[in-house]
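Engineer: Input: one structure, supplied below.
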Amino acid sequence: MSQAASARKWTVEKSERRNTIPEGLWLRCPSCAQMIYRRQMEANLHCCPECGHHFRIGAVERVRQLLDTGSFSPMFTTLSPRDPLGFADLRAYPDRLAAEQRKTGQQDGVQAGEGFIKGRPAMLCCLDLTFMMGSMGSVVGETVTRSIEHATRLGLPLVVVSCSGGARMQEAGLSLMQMAKTSAALARYDKAGGLFISVLTDPTTGGVTASFAMLGDVIVAEPNALIGFAGPRVIQQTIRQELPEGFQRSEFLLSSGLVDRVVSRKDLRSELARLIDYAGM
């Protein structure tokens, strides 16, 4: 066999070997730039095994991580979004919703229900970043409100996990109304003596930050989560000043007193259980 033919055969064999490796098994960590095995990352609660970077996760995975196995009882699953404004940008709002529902298998960007956190009964509500960036429309706001009211009636501790790009622009003023509605429900819950633990993850921004996310009796954040109302670039352009390093990240907000604790994902379930015990609920 000639040298050229041998080289071609080697190239074909190398290409065939490469094609037998499924795509997506490896990914690069955006924090430490190391190549990591996806299944190892997922087994590590979707955190980088090298540097601990917390990858973004959806509400279904969040519920699985926080609650005792088999204890979750989903609620408010019949709520579905509508398009009363007939909103359209590059696509009509109903078309966007249908695409997101097919992609995620969920009606909207939130999961809520009763469950147990290390044996402690609790009401859990998780925003879903995989559905329109966790934006807060009428269904999300109504689900959060009903979760608060259910916890108030039964005297349950309330845990809300926020991850959102803010209010859903396709619902305009109807989306902004959810800020007042959720905040009012939390005021009634607080008056009844309830414990509200707000968990902030990456990112928590816009109208969610400006309403229920920052009203917790205890505010817990995951490491290096982006938390704020407007984005840092908008703020910098507005005030025409350089922002401090780490501005709007969990650790910066902890040092500023806006967050009570920064807790890694592997410790979050135990921390929630401890907080519920401290409150005597």
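Residues in the structure tokens are named by chain (A, B, ... in the order shown) and by number from 1 within that chain; ligands are numbered from 1 in the order shown.
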Just the helix (DSSP H, G or I) stuff from range 43-165 of chain A, please, per backbone DSSP, written as a PyMOL selection string.
Structural biologist: chain A and resi 43+59-66+93-104+132-134+138-154
Engineer: Neighbouring residues of range 78-88 of chain A were defined as those with any atom within 12 Å, considering only C-alpha atoms; residues of the same chain fewer than 5 positions away were excluded. Please report them as a VMD selection string.
Structural biologist: chain A and resid 93 to 98 100 to 101 106 to 112 136 to 144 146 168 to 175
Engineer: Those selected residues, please, written with C-alpha atoms and delivered as a short mmCIF file (atom, residue, chain, number, x, y, z; two decimals), in the first residue's frame.
Structural biologist:
```
data_model
loop_
_atom_site.label_atom_id
_atom_site.label_comp_id
_atom_site.auth_asym_id
_atom_site.auth_seq_id
_atom_site.Cartn_x
_atom_site.Cartn_y
_atom_site.Cartn_z
CA TYR A 93 -47.11 35.39 21.35
CA PRO A 94 -49.28 32.22 21.03
CA ASP A 95 -46.71 30.78 18.61
CA ARG A 96 -43.91 31.49 21.10
CA LEU A 97 -45.88 29.86 23.89
CA ALA A 98 -46.62 26.78 21.82
CA GLU A 100 -41.87 26.73 24.56
CA GLN A 101 -44.50 24.24 25.70
CA GLN A 106 -44.59 22.52 30.73
CA GLN A 107 -47.55 24.92 30.53
CA ASP A 108 -45.47 27.89 31.72
CA GLY A 109 -42.28 28.86 33.50
CA VAL A 110 -43.01 27.65 37.04
CA GLN A 111 -43.40 24.50 39.13
CA ALA A 112 -45.19 24.55 42.49
CA MET A 136 -42.94 36.39 34.95
CA GLY A 137 -46.23 36.48 33.13
CA SER A 138 -49.74 36.11 34.54
CA VAL A 139 -49.45 32.35 35.09
CA VAL A 140 -46.15 32.62 36.94
CA GLY A 141 -47.48 35.44 39.12
CA GLU A 142 -50.73 33.60 39.82
CA THR A 143 -48.89 30.38 40.68
CA VAL A 144 -46.55 32.17 43.08
CA ARG A 146 -51.53 30.72 45.06
CA ARG A 168 -42.68 39.04 30.43
CA MET A 169 -42.87 41.83 27.90
CA GLN A 170 -45.49 40.02 25.79
CA GLU A 171 -47.99 40.57 28.61
CA ALA A 172 -47.02 44.21 29.25
CA GLY A 173 -48.94 45.74 32.18
CA LEU A 174 -50.54 42.40 33.08
CA SER A 175 -47.08 41.08 33.85
#
```
Engineer: Could you state the separation of CA of Phe229 in chain A and CA of Gly216 in chain A in Å, given to one decimal place?
Structural biologist: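 Spanning CA of Phe229 in chain A to CA of Gly216 in chain A is a straight-line distance of 16.4 Å.
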Engineer: Let me make sure I understand: among A:Ser255, A:Gly113, A:Ile57, A:Gly228, which one has the smallest atom-to-atom distance to Thr77 in chain A if we use only C-alpha atoms?
Structural biologist: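 So, comparing all the options, the nearest one is A:Gly113.
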Engineer: What does the structure give for the distance between CA of Ser183 in chain A and CA of Leu254 in chain A, in Å to one decimal?
Structural biologist: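 These two atoms are separated by 22.6 Å.
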Engineer: By how many Å are CA of Ile219 in chain A and CA of Val234 in chain A apart?
Structural biologist: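 CA of Val234 in chain A lies 24.9 Å from CA of Ile219 in chain A.
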Engineer: Would you mind telling me which residue in A:Ala210, A:Glu61, A:Met133, A:Gly193 lies nearest to Ala43 in chain A when using only C-alpha atoms?
Structural biologist: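 Smallest distance to Ala43 in chain A is found for A:Glu61.
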Engineer: For Arg274 in chain A, work out the shell of residues within 10 Å, counting only C-alpha atoms and skipping chain neighbours fewer than 4 positions away, then give it as a list in words.
Structural biologist: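 Final neighbour list, sorted by chain and number: Ile117, Lys118, Arg120, Leu268, Arg269, Ser270, Tyr278, Ala279 and Gly280 of chain A.
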Engineer: Would you tabulate, counting only C-alpha atoms, all residues of range 47-149 of chain A that have an atom at most 8 Å from an atom of range 26-35 of chain A, showing the closest pair of atoms and their distance in Å to one decimal, sorted by chain then ascending number, as a tab-separated table?
Structural biologist:
```
residue	atom	partner	partner_atom	distance
A:Cys48	CA	A:Cys29	CA	6.7
A:Glu50	CA	A:Gln34	CA	7.5
A:Cys51	CA	A:Cys32	CA	6.4
A:His53	CA	A:Ser31	CA	6.3
```
Engineer: For the residues in that selection, give me C-alpha atoms as an mmCIF file, in the first residue's frame.
Structural biologist:
```cif
data_model
loop_
_atom_site.group_PDB
_atom_site.id
_atom_site.type_symbol
_atom_site.label_atom_id
_atom_site.label_comp_id
_atom_site.auth_asym_id
_atom_site.auth_seq_id
_atom_site.Cartn_x
_atom_site.Cartn_y
_atom_site.Cartn_z
ATOM 1 C CA CYS A 48 -18.399 21.787 37.628
ATOM 2 C CA GLU A 50 -13.197 21.157 38.901
ATOM 3 C CA CYS A 51 -14.130 24.664 40.094
ATOM 4 C CA HIS A 53 -19.295 26.566 38.820
#
```
Engineer: Of the residues A:Leu90, A:Met214, A:Leu200, A:Val208, which is the one nearest to Leu176 in chain A, using only C-alpha atoms?
Structural biologist: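 Among A:Leu90, A:Met214, A:Leu200, A:Val208, it is A:Val208 that comes nearest to Leu176 in chain A.
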Engineer: When you count only C-alpha atoms, which of these residues is closest to Phe131 in chain A: A:Pro74, A:Gly206, A:Gly52, A:Gly105?
Structural biologist: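 Distance minimum relative to Phe131 in chain A lands on A:Gly105.
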Engineer: Taking the DSSP assignment computed from this structure's backbone, write out as a ChimeraX atom specification all residues of range 47-228 of chain A that belong to strand (DSSP E or B).
Structural biologist: /A:47,54,73-74,88,92,110-117,120-127,136,158-164,167,196-204,218-221,226-227
